[in-house]
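S.K.: Below is the file protein_7.cif, with mmCIF, C-alpha atoms.
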data_start
#
loop_
_atom_site.label_atom_id
_atom_site.label_comp_id
_atom_site.auth_asym_id
_atom_site.auth_seq_id
_atom_site.Cartn_x
_atom_site.Cartn_y
_atom_site.Cartn_z
CA MET A 1 0.00 0.00 0.00
CA ASP A 2 1.29 3.49 -0.88
CA LYS A 3 2.65 5.30 2.23
CA ASN A 4 0.34 8.32 1.85
CA ILE A 5 -2.70 6.10 1.33
CA LYS A 6 -1.67 4.00 4.33
CA ASN A 7 -1.36 7.11 6.53
CA LYS A 8 -4.78 8.36 5.42
CA ALA A 9 -6.30 4.93 6.11
CA GLU A 10 -4.79 4.89 9.60
CA GLU A 11 -6.12 8.38 10.33
CA LEU A 12 -9.59 7.37 9.12
CA ILE A 13 -9.55 4.29 11.36
CA LYS A 14 -8.46 6.34 14.39
CA ASP A 15 -11.18 8.92 13.69
CA LEU A 16 -13.87 6.23 13.44
CA ILE A 17 -12.67 4.59 16.67
CA ARG A 18 -13.01 7.99 18.39
CA LYS A 19 -16.55 8.32 17.02
CA ILE A 20 -17.50 4.93 18.47
CA ASP A 21 -15.86 5.79 21.81
CA ASN A 22 -17.96 8.97 21.92
CA ASN A 23 -21.12 7.15 20.86
CA PRO A 24 -21.03 3.35 21.31
CA TYR A 25 -24.40 3.05 19.54
CA ASP A 26 -23.45 4.77 16.27
CA ALA A 27 -24.18 1.93 13.84
CA GLN A 28 -22.90 3.79 10.79
CA ALA A 29 -19.55 4.40 12.52
CA TYR A 30 -19.22 0.66 13.22
CA TYR A 31 -20.01 -0.12 9.60
CA ASN A 32 -17.59 2.50 8.26
CA LEU A 33 -14.85 1.26 10.59
CA GLY A 34 -15.38 -2.34 9.47
CA VAL A 35 -15.11 -1.28 5.84
CA ALA A 36 -11.97 0.76 6.57
CA LEU A 37 -10.33 -2.14 8.41
CA ASN A 38 -11.12 -4.53 5.57
CA ASP A 39 -9.79 -2.04 3.01
CA ALA A 40 -6.61 -1.81 5.09
CA HIS A 41 -6.21 -5.61 4.82
CA SER A 42 -7.20 -6.18 8.43
CA ALA A 43 -9.98 -8.63 7.64
CA GLU A 44 -9.82 -10.46 10.97
CA GLN A 45 -10.26 -7.20 12.90
CA ALA A 46 -13.13 -6.22 10.60
CA GLU A 47 -14.79 -9.59 11.17
CA GLU A 48 -14.45 -9.26 14.96
CA LEU A 49 -15.83 -5.73 14.88
CA PHE A 50 -18.93 -6.68 12.88
CA LYS A 51 -19.59 -9.68 15.13
CA LYS A 52 -19.32 -7.43 18.19
CA ALA A 53 -21.65 -4.91 16.57
CA LEU A 54 -24.19 -7.65 15.80
CA ASN A 55 -24.46 -8.32 19.53
CA ILE A 56 -24.86 -4.62 20.28
CA PHE A 57 -27.56 -4.07 17.65
CA ALA A 58 -29.31 -7.44 17.93
CA ASN A 59 -32.67 -5.79 18.68
CA SER A 60 -32.64 -3.51 15.62
CA LYS A 61 -33.53 -5.04 12.26
CA GLU A 62 -32.11 -2.05 10.39
CA LYS A 63 -28.80 -1.86 12.26
CA SER A 64 -28.20 -5.61 12.48
CA SER A 65 -28.91 -5.90 8.74
CA LEU A 66 -26.22 -3.28 8.10
CA MET A 67 -23.75 -5.33 10.17
CA HIS A 68 -24.64 -8.60 8.40
CA TYR A 69 -24.15 -6.81 5.09
CA GLY A 70 -20.80 -5.45 6.21
CA LEU A 71 -19.64 -8.85 7.48
CA GLY A 72 -20.80 -10.46 4.24
CA ASN A 73 -18.67 -8.03 2.28
CA VAL A 74 -15.64 -8.82 4.43
CA TYR A 75 -16.06 -12.50 3.64
CA TYR A 76 -16.76 -11.81 -0.04
CA THR A 77 -13.69 -9.65 -0.60
CA ASN A 78 -11.58 -12.37 1.01
CA SER A 79 -13.07 -15.10 -1.22
CA MET A 80 -14.98 -16.77 1.63
CA TYR A 81 -18.10 -17.04 -0.49
CA ASP A 82 -20.10 -19.58 1.52
CA LYS A 83 -19.78 -17.47 4.66
CA ALA A 84 -20.60 -14.33 2.69
CA ILE A 85 -23.82 -15.83 1.34
CA VAL A 86 -24.91 -16.84 4.85
CA GLU A 87 -24.51 -13.24 6.03
CA PHE A 88 -26.21 -11.67 3.01
CA LYS A 89 -29.21 -13.95 3.52
CA LYS A 90 -29.62 -12.56 7.05
CA VAL A 91 -30.18 -9.01 5.79
CA GLN A 92 -33.81 -8.20 6.57
CA PHE A 93 -33.92 -4.42 6.20
CA GLU A 94 -35.77 -3.66 2.97
CA LYS A 95 -33.42 -0.93 1.73
CA LEU A 96 -30.45 -3.33 1.84
CA LYS A 97 -32.16 -6.43 0.44
CA GLN A 98 -31.52 -5.68 -3.24
CA ASP A 99 -27.85 -4.91 -2.55
CA SER A 100 -27.56 -8.16 -0.59
CA MET A 101 -29.14 -10.20 -3.37
CA LEU A 102 -26.76 -8.63 -5.87
CA MET A 103 -23.83 -9.62 -3.66
CA MET A 104 -25.23 -13.15 -3.43
CA ALA A 105 -25.39 -13.27 -7.22
CA GLN A 106 -21.75 -12.20 -7.40
CA ALA A 107 -20.73 -14.74 -4.75
CA TYR A 108 -22.50 -17.60 -6.53
CA TYR A 109 -20.94 -16.46 -9.81
CA ALA A 110 -17.49 -16.55 -8.20
CA GLN A 111 -18.25 -20.15 -7.14
CA GLU A 112 -19.30 -20.97 -10.72
CA ASN A 113 -22.81 -21.73 -9.47
CA TYR A 114 -24.39 -20.01 -12.46
CA PRO A 115 -28.04 -21.06 -11.96
CA GLN A 116 -28.11 -19.53 -8.47
CA ALA A 117 -26.21 -16.45 -9.63
CA MET A 118 -28.72 -15.96 -12.44
CA MET A 119 -31.69 -16.39 -10.12
CA TYR A 120 -30.56 -13.61 -7.77
CA ALA A 121 -29.33 -11.34 -10.57
CA LEU A 122 -32.65 -11.72 -12.39
CA THR A 123 -34.58 -10.89 -9.22
CA VAL A 124 -32.55 -7.72 -8.71
CA SER A 125 -32.88 -6.67 -12.35
CA GLU A 126 -36.65 -7.11 -12.14
CA ASN A 127 -36.96 -5.22 -8.85
CA THR A 128 -34.58 -2.36 -9.61
CA LYS A 129 -34.85 -0.98 -13.13
CA HIS A 130 -31.71 -0.28 -15.14
CA ASN A 131 -29.44 -2.12 -12.68
CA VAL A 132 -26.34 -2.52 -14.87
CA ASP A 133 -24.53 -4.73 -12.34
CA ALA A 134 -27.37 -7.25 -12.19
CA ILE A 135 -27.78 -7.31 -15.98
CA SER A 136 -24.02 -7.74 -16.41
CA ILE A 137 -23.99 -10.72 -14.05
CA LEU A 138 -26.75 -12.35 -16.11
CA ALA A 139 -24.69 -11.74 -19.25
CA SER A 140 -21.55 -13.12 -17.60
CA CYS A 141 -23.40 -16.27 -16.54
CA PHE A 142 -24.57 -16.88 -20.11
CA MET A 143 -21.04 -16.24 -21.35
CA ALA A 144 -19.53 -18.64 -18.81
CA THR A 145 -21.89 -21.40 -19.94
CA GLY A 146 -21.12 -20.81 -23.62
CA ASP A 147 -24.42 -19.13 -24.57
CA LEU A 148 -22.85 -16.19 -26.40
CA ILE A 149 -26.08 -15.10 -28.10
CA ASN A 150 -27.85 -14.43 -24.79
CA ALA A 151 -24.64 -13.04 -23.28
CA ARG A 152 -24.49 -10.48 -26.10
CA LYS A 153 -28.18 -9.69 -25.65
CA TYR A 154 -27.76 -8.83 -21.96
CA TYR A 155 -24.46 -6.97 -22.36
CA LEU A 156 -26.11 -4.82 -25.04
CA LYS A 157 -28.99 -4.20 -22.64
CA ALA A 158 -26.50 -3.13 -19.95
CA LEU A 159 -24.85 -0.84 -22.49
CA GLU A 160 -28.17 0.94 -23.08
CA TYR A 161 -28.09 2.13 -19.47
CA ASP A 162 -24.32 2.75 -19.23
CA LYS A 163 -22.92 3.40 -22.70
CA ASP A 164 -19.35 4.01 -21.50
CA ASN A 165 -18.99 0.96 -19.25
CA VAL A 166 -15.56 -0.34 -20.27
CA GLU A 167 -16.06 -3.78 -18.72
CA VAL A 168 -19.27 -4.33 -20.69
CA LEU A 169 -17.69 -2.98 -23.88
CA PHE A 170 -14.70 -5.28 -23.50
CA GLN A 171 -16.90 -8.33 -22.94
CA LEU A 172 -18.90 -7.46 -26.06
CA GLY A 173 -15.62 -7.26 -27.98
CA VAL A 174 -14.66 -10.72 -26.73
CA ILE A 175 -18.05 -12.11 -27.77
CA GLU A 176 -17.81 -10.56 -31.24
CA LEU A 177 -14.43 -12.23 -31.76
CA SER A 178 -16.34 -15.51 -31.65
CA LEU A 179 -19.62 -14.54 -33.32
CA SER A 180 -18.76 -12.06 -36.05
CA GLY A 181 -15.10 -11.12 -35.94
CA GLU A 182 -16.20 -7.48 -35.73
CA ALA A 183 -14.78 -6.74 -32.31
CA ASP A 184 -12.73 -3.62 -33.05
CA LYS A 185 -15.60 -1.19 -32.60
CA TYR A 186 -15.88 -2.29 -28.97
CA PHE A 187 -12.17 -2.63 -28.24
CA ASN A 188 -11.46 0.79 -29.78
CA ARG A 189 -14.10 2.37 -27.54
CA VAL A 190 -12.51 0.73 -24.49
CA LYS A 191 -9.10 2.01 -25.54
CA ASN A 192 -10.42 5.56 -26.04
CA LEU A 193 -12.31 5.58 -22.75
CA ASP A 194 -9.71 3.92 -20.51
CA ASP A 195 -6.39 3.06 -22.08
CA GLU A 196 -5.02 1.69 -18.78
CA TYR A 197 -7.91 -0.77 -18.50
CA TYR A 198 -7.43 -1.78 -22.13
CA LYS A 199 -3.72 -2.47 -21.56
CA LYS A 200 -4.53 -4.45 -18.40
CA MET A 201 -6.93 -6.66 -20.37
CA GLN A 202 -4.54 -7.27 -23.27
CA GLN A 203 -3.35 -10.58 -21.83
CA ARG A 204 -6.91 -11.85 -21.56
CA LEU A 205 -7.58 -10.74 -25.11
CA ALA A 206 -4.48 -12.60 -26.32
CA ASP A 207 -5.66 -15.74 -24.50
CA VAL A 208 -9.09 -15.51 -26.16
CA GLN A 209 -7.54 -15.04 -29.60
CA ARG A 210 -5.27 -18.07 -29.11
CA PHE A 211 -8.28 -20.14 -28.02
CA LEU A 212 -10.28 -19.10 -31.10
CA MET A 213 -7.37 -19.91 -33.41
CA THR A 214 -7.09 -23.35 -31.82
CA GLN A 215 -10.82 -23.91 -32.34
CA LYS A 216 -10.62 -22.89 -36.00
CA LYS A 217 -7.60 -25.13 -36.55
CA GLY A 218 -9.43 -28.04 -34.95
CA LYS A 219 -12.40 -27.58 -37.28
CA SER A 220 -10.18 -27.34 -40.37
CA ASP A 221 -8.41 -30.58 -39.42
CA GLU A 222 -11.71 -32.50 -39.19
#
Give the structure from the file, written as structure tokens.
M.R.:
Amino acid sequence: MDKNIKNKAEELIKDLIRKIDNNPYDAQAYYNLGVALNDAHSAEQAEELFKKALNIFANSKEKSSLMHYGLGNVYYTNSMYDKAIVEFKKVQFEKLKQDSMLMMAQAYYAQENYPQAMMYALTVSENTKHNVDAISILASCFMATGDLINARKYYLKALEYDKDNVEVLFQLGVIELSLSGEADKYFNRVKNLDDEYYKKMQQRLADVQRFLMTQKKGKSDE
């Protein structure tokens, strides 16, 4: 971690600890501190904090839901997907339910459990209009299972609501390499919008191109 960023993170953590010392029932301060600890790669401390907060706010559906959501995110960011899903399922406060279901969709996707990921992503996309993240997860699930036609359909739908989303544009470029060969219009847009992201994804693009060449060679040898 960069020294300046580390110093700022430490100051933020100290400030949030002071807030909790001054008001031990400030739920938002507990949540913000848990997030800050997790961001600072102190996942165990974040986990302990959220568990402590769950005991403090056990009688409040809203506040305990916030702590379950925070704990779920700690587990998710540290690839503990089963534990994350358990916590997200405990979120009962209505305003957090859609966010929790979206996180469950992402967790199931990370586990390659695509039917479950699609179920939660579809629910979120139906309940919250124009939710690009939910639509993108649906598209990614179709892509992961080889259904490129439906993957393209949902990525294009996501693009309607966020026309400059470089991740969606890149995925569409990858799909067009397989379906039409006309991928440049998407890759060029990615490059123009975020050249650093484009460079970062070059290795993946090279892997895809090698895979497609192998497929074509296999068909020609038949």
S.K.: What is the CA of Tyr161 in chain A-CA of Arg189 in chain A distance in Å, reported with one decimal?
M.R.: 16.2 Å
S.K.: I'd like the residues picked by the PyMOL selection byres ((chain A and resi 68-75) around 6) written out as an MDAnalysis selection string, using the chain letters and numbers from the file.
M.R.: chainID A and resid 50 65:67 76:78 80 84 87:88
S.K.: List the residues selected by the PyMOL selection byres ((chain A and resi 181-187) around 12) in the file shown, writing them as a PyMOL selection string.
M.R.: chain A and resi 155-156+159+163-180+188-195+197-199+201-202+205+209+212-213
S.K.: Selected residues, C-alpha atoms, written as a CSV table (one decimal), keeping the file's coordinate frame, please.
M.R.:
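File produced: part.csv:
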chain,number,residue,atom,x,y,z
A,155,TYR,CA,-24.5,-7.0,-22.4
A,156,LEU,CA,-26.1,-4.8,-25.0
A,159,LEU,CA,-24.8,-0.8,-22.5
A,163,LYS,CA,-22.9,3.4,-22.7
A,164,ASP,CA,-19.4,4.0,-21.5
A,165,ASN,CA,-19.0,1.0,-19.2
A,166,VAL,CA,-15.6,-0.3,-20.3
A,167,GLU,CA,-16.1,-3.8,-18.7
A,168,VAL,CA,-19.3,-4.3,-20.7
A,169,LEU,CA,-17.7,-3.0,-23.9
A,170,PHE,CA,-14.7,-5.3,-23.5
A,171,GLN,CA,-16.9,-8.3,-22.9
A,172,LEU,CA,-18.9,-7.5,-26.1
A,173,GLY,CA,-15.6,-7.3,-28.0
A,174,VAL,CA,-14.7,-10.7,-26.7
A,175,ILE,CA,-18.0,-12.1,-27.8
A,176,GLU,CA,-17.8,-10.6,-31.2
A,177,LEU,CA,-14.4,-12.2,-31.8
A,178,SER,CA,-16.3,-15.5,-31.6
A,179,LEU,CA,-19.6,-14.5,-33.3
A,180,SER,CA,-18.8,-12.1,-36.0
A,188,ASN,CA,-11.5,0.8,-29.8
A,189,ARG,CA,-14.1,2.4,-27.5
A,190,VAL,CA,-12.5,0.7,-24.5
A,191,LYS,CA,-9.1,2.0,-25.5
A,192,ASN,CA,-10.4,5.6,-26.0
A,193,LEU,CA,-12.3,5.6,-22.8
A,194,ASP,CA,-9.7,3.9,-20.5
A,195,ASP,CA,-6.4,3.1,-22.1
A,197,TYR,CA,-7.9,-0.8,-18.5
A,198,TYR,CA,-7.4,-1.8,-22.1
A,199,LYS,CA,-3.7,-2.5,-21.6
A,201,MET,CA,-6.9,-6.7,-20.4
A,202,GLN,CA,-4.5,-7.3,-23.3
A,205,LEU,CA,-7.6,-10.7,-25.1
A,209,GLN,CA,-7.5,-15.0,-29.6
A,212,LEU,CA,-10.3,-19.1,-31.1
A,213,MET,CA,-7.4,-19.9,-33.4
S.K.: A:Leu102, A:Ala158, A:Ile17, A:Leu49: which is nearest Gln116 in chain A, counting only C-alpha atoms?
M.R.: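 Using only C-alpha atoms, the shortest distance to Gln116 in chain A belongs to A:Leu102.
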S.K.: Could you tell me, as a list in words, exactly which residues end up selected when the PyMOL selection byres ((chain A and resi 20) around 12) is applied to this structure?
M.R.: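 Given this file, the PyMOL selection byres ((chain A and resi 20) around 12) evaluates to Ile13, Lys14, Asp15, Leu16, Ile17, Arg18, Lys19, Asp21, Asn22, Asn23, Pro24, Tyr25, Asp26, Ala27, Gln28, Ala29, Tyr30, Tyr31, Asn32, Leu33, Gly34, Leu49 and Ala53 of chain A.
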S.K.: In Å to one decimal, how far is CA of Lys89 in chain A from CA of Gln45 in chain A?
M.R.: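 Separating CA of Gln45 in chain A from CA of Lys89 in chain A is a distance of 22.2 Å.
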S.K.: Excluding Lys157 in chain A and any residue of its chain fewer than 6 positions from it, enumerate the residues within 12 Å of it, using all atoms listed in the file, and give them as a ChimeraX atom specification.
M.R.: /A:125,129-139,150-151,163,165,168-169,172
S.K.: Go ahead and find all residues with at least one atom no further than 9 Å from (-35.2, -4.4, 8.6) in the file's coordinates, using only C-alpha atoms; report them as number ranges by chain.
M.R.: A: 60-65, 91-97
S.K.: Distance CA of Ser100 in chain A-CA of Glu160 in chain A, one decimal place?
M.R.: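 Separation between CA of Ser100 in chain A and CA of Glu160 in chain A: 24.3 Å.
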S.K.: Within 6 Å of Ala105 in chain A, counting all atoms listed in the file, which residues qualify if same-chain residues fewer than 5 places away don't, as an MDAnalysis selection string?
M.R.: chainID A and resid 117 120:121
S.K.: Tell me which protein, DNA and RNA residues are within 12 Å of Pro115 in chain A, counting all atoms listed in the file, leaving out same-chain ones fewer than 4 positions away, and put them as a PDB file with C-alpha atoms, keeping the file's coordinate frame.
M.R.:
ATOM      1  CA  MET A 104     -25.230 -13.150  -3.430  1.00  0.00           C
ATOM      2  CA  ALA A 105     -25.390 -13.270  -7.220  1.00  0.00           C
ATOM      3  CA  GLN A 106     -21.750 -12.200  -7.400  1.00  0.00           C
ATOM      4  CA  TYR A 108     -22.500 -17.600  -6.530  1.00  0.00           C
ATOM      5  CA  TYR A 109     -20.940 -16.460  -9.810  1.00  0.00           C
ATOM      6  CA  GLN A 111     -18.250 -20.150  -7.140  1.00  0.00           C
ATOM      7  CA  MET A 119     -31.690 -16.390 -10.120  1.00  0.00           C
ATOM      8  CA  TYR A 120     -30.560 -13.610  -7.770  1.00  0.00           C
ATOM      9  CA  ALA A 121     -29.330 -11.340 -10.570  1.00  0.00           C
ATOM     10  CA  LEU A 122     -32.650 -11.720 -12.390  1.00  0.00           C
ATOM     11  CA  ILE A 137     -23.990 -10.720 -14.050  1.00  0.00           C
ATOM     12  CA  LEU A 138     -26.750 -12.350 -16.110  1.00  0.00           C
ATOM     13  CA  SER A 140     -21.550 -13.120 -17.600  1.00  0.00           C
ATOM     14  CA  CYS A 141     -23.400 -16.270 -16.540  1.00  0.00           C
ATOM     15  CA  PHE A 142     -24.570 -16.880 -20.110  1.00  0.00           C
ATOM     16  CA  ALA A 144     -19.530 -18.640 -18.810  1.00  0.00           C
ATOM     17  CA  THR A 145     -21.890 -21.400 -19.940  1.00  0.00           C
TER      18      THR A 145
END
S.K.: Would you mind completing range 103-114 of chain A to N, CA, C and O atoms and writing the output as an mmCIF file, in the frame of the given file?
M.R.:
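Listing of part-v8.cif after writing:
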data_model
loop_
_atom_site.group_PDB
_atom_site.id
_atom_site.type_symbol
_atom_site.label_atom_id
_atom_site.label_comp_id
_atom_site.auth_asym_id
_atom_site.auth_seq_id
_atom_site.Cartn_x
_atom_site.Cartn_y
_atom_site.Cartn_z
ATOM 1 N N MET A 103 -25.075 -9.035 -4.172
ATOM 2 C CA MET A 103 -23.830 -9.620 -3.660
ATOM 3 C C MET A 103 -23.901 -11.140 -3.654
ATOM 4 O O MET A 103 -22.901 -11.819 -3.916
ATOM 5 N N MET A 104 -25.082 -11.694 -3.365
ATOM 6 C CA MET A 104 -25.230 -13.150 -3.430
ATOM 7 C C MET A 104 -25.039 -13.644 -4.854
ATOM 8 O O MET A 104 -24.403 -14.677 -5.090
ATOM 9 N N ALA A 105 -25.583 -12.907 -5.806
ATOM 10 C CA ALA A 105 -25.390 -13.270 -7.220
ATOM 11 C C ALA A 105 -23.911 -13.280 -7.572
ATOM 12 O O ALA A 105 -23.419 -14.208 -8.226
ATOM 13 N N GLN A 106 -23.175 -12.274 -7.101
ATOM 14 C CA GLN A 106 -21.750 -12.200 -7.400
ATOM 15 C C GLN A 106 -20.986 -13.330 -6.706
ATOM 16 O O GLN A 106 -20.044 -13.896 -7.274
ATOM 17 N N ALA A 107 -21.393 -13.662 -5.481
ATOM 18 C CA ALA A 107 -20.730 -14.740 -4.750
ATOM 19 C C ALA A 107 -20.964 -16.089 -5.429
ATOM 20 O O ALA A 107 -20.038 -16.898 -5.583
ATOM 21 N N TYR A 108 -22.208 -16.344 -5.831
ATOM 22 C CA TYR A 108 -22.500 -17.600 -6.530
ATOM 23 C C TYR A 108 -21.769 -17.658 -7.873
ATOM 24 O O TYR A 108 -21.279 -18.715 -8.283
ATOM 25 N N TYR A 109 -21.674 -16.507 -8.547
ATOM 26 C CA TYR A 109 -20.940 -16.460 -9.810
ATOM 27 C C TYR A 109 -19.469 -16.810 -9.583
ATOM 28 O O TYR A 109 -18.875 -17.575 -10.347
ATOM 29 N N ALA A 110 -18.896 -16.270 -8.517
ATOM 30 C CA ALA A 110 -17.490 -16.550 -8.200
ATOM 31 C C ALA A 110 -17.271 -18.042 -7.910
ATOM 32 O O ALA A 110 -16.186 -18.575 -8.153
ATOM 33 N N GLN A 111 -18.322 -18.709 -7.421
ATOM 34 C CA GLN A 111 -18.250 -20.150 -7.140
ATOM 35 C C GLN A 111 -18.598 -21.006 -8.375
ATOM 36 O O GLN A 111 -18.634 -22.224 -8.280
ATOM 37 N N GLU A 112 -18.880 -20.325 -9.477
ATOM 38 C CA GLU A 112 -19.300 -20.970 -10.720
ATOM 39 C C GLU A 112 -20.630 -21.702 -10.576
ATOM 40 O O GLU A 112 -20.926 -22.654 -11.308
ATOM 41 N N ASN A 113 -21.447 -21.225 -9.628
ATOM 42 C CA ASN A 113 -22.810 -21.730 -9.470
ATOM 43 C C ASN A 113 -23.722 -20.795 -10.260
ATOM 44 O O ASN A 113 -24.391 -19.923 -9.704
ATOM 45 N N TYR A 114 -23.729 -20.977 -11.569
ATOM 46 C CA TYR A 114 -24.390 -20.010 -12.460
ATOM 47 C C TYR A 114 -25.910 -19.991 -12.338
ATOM 48 O O TYR A 114 -26.503 -18.910 -12.409
#
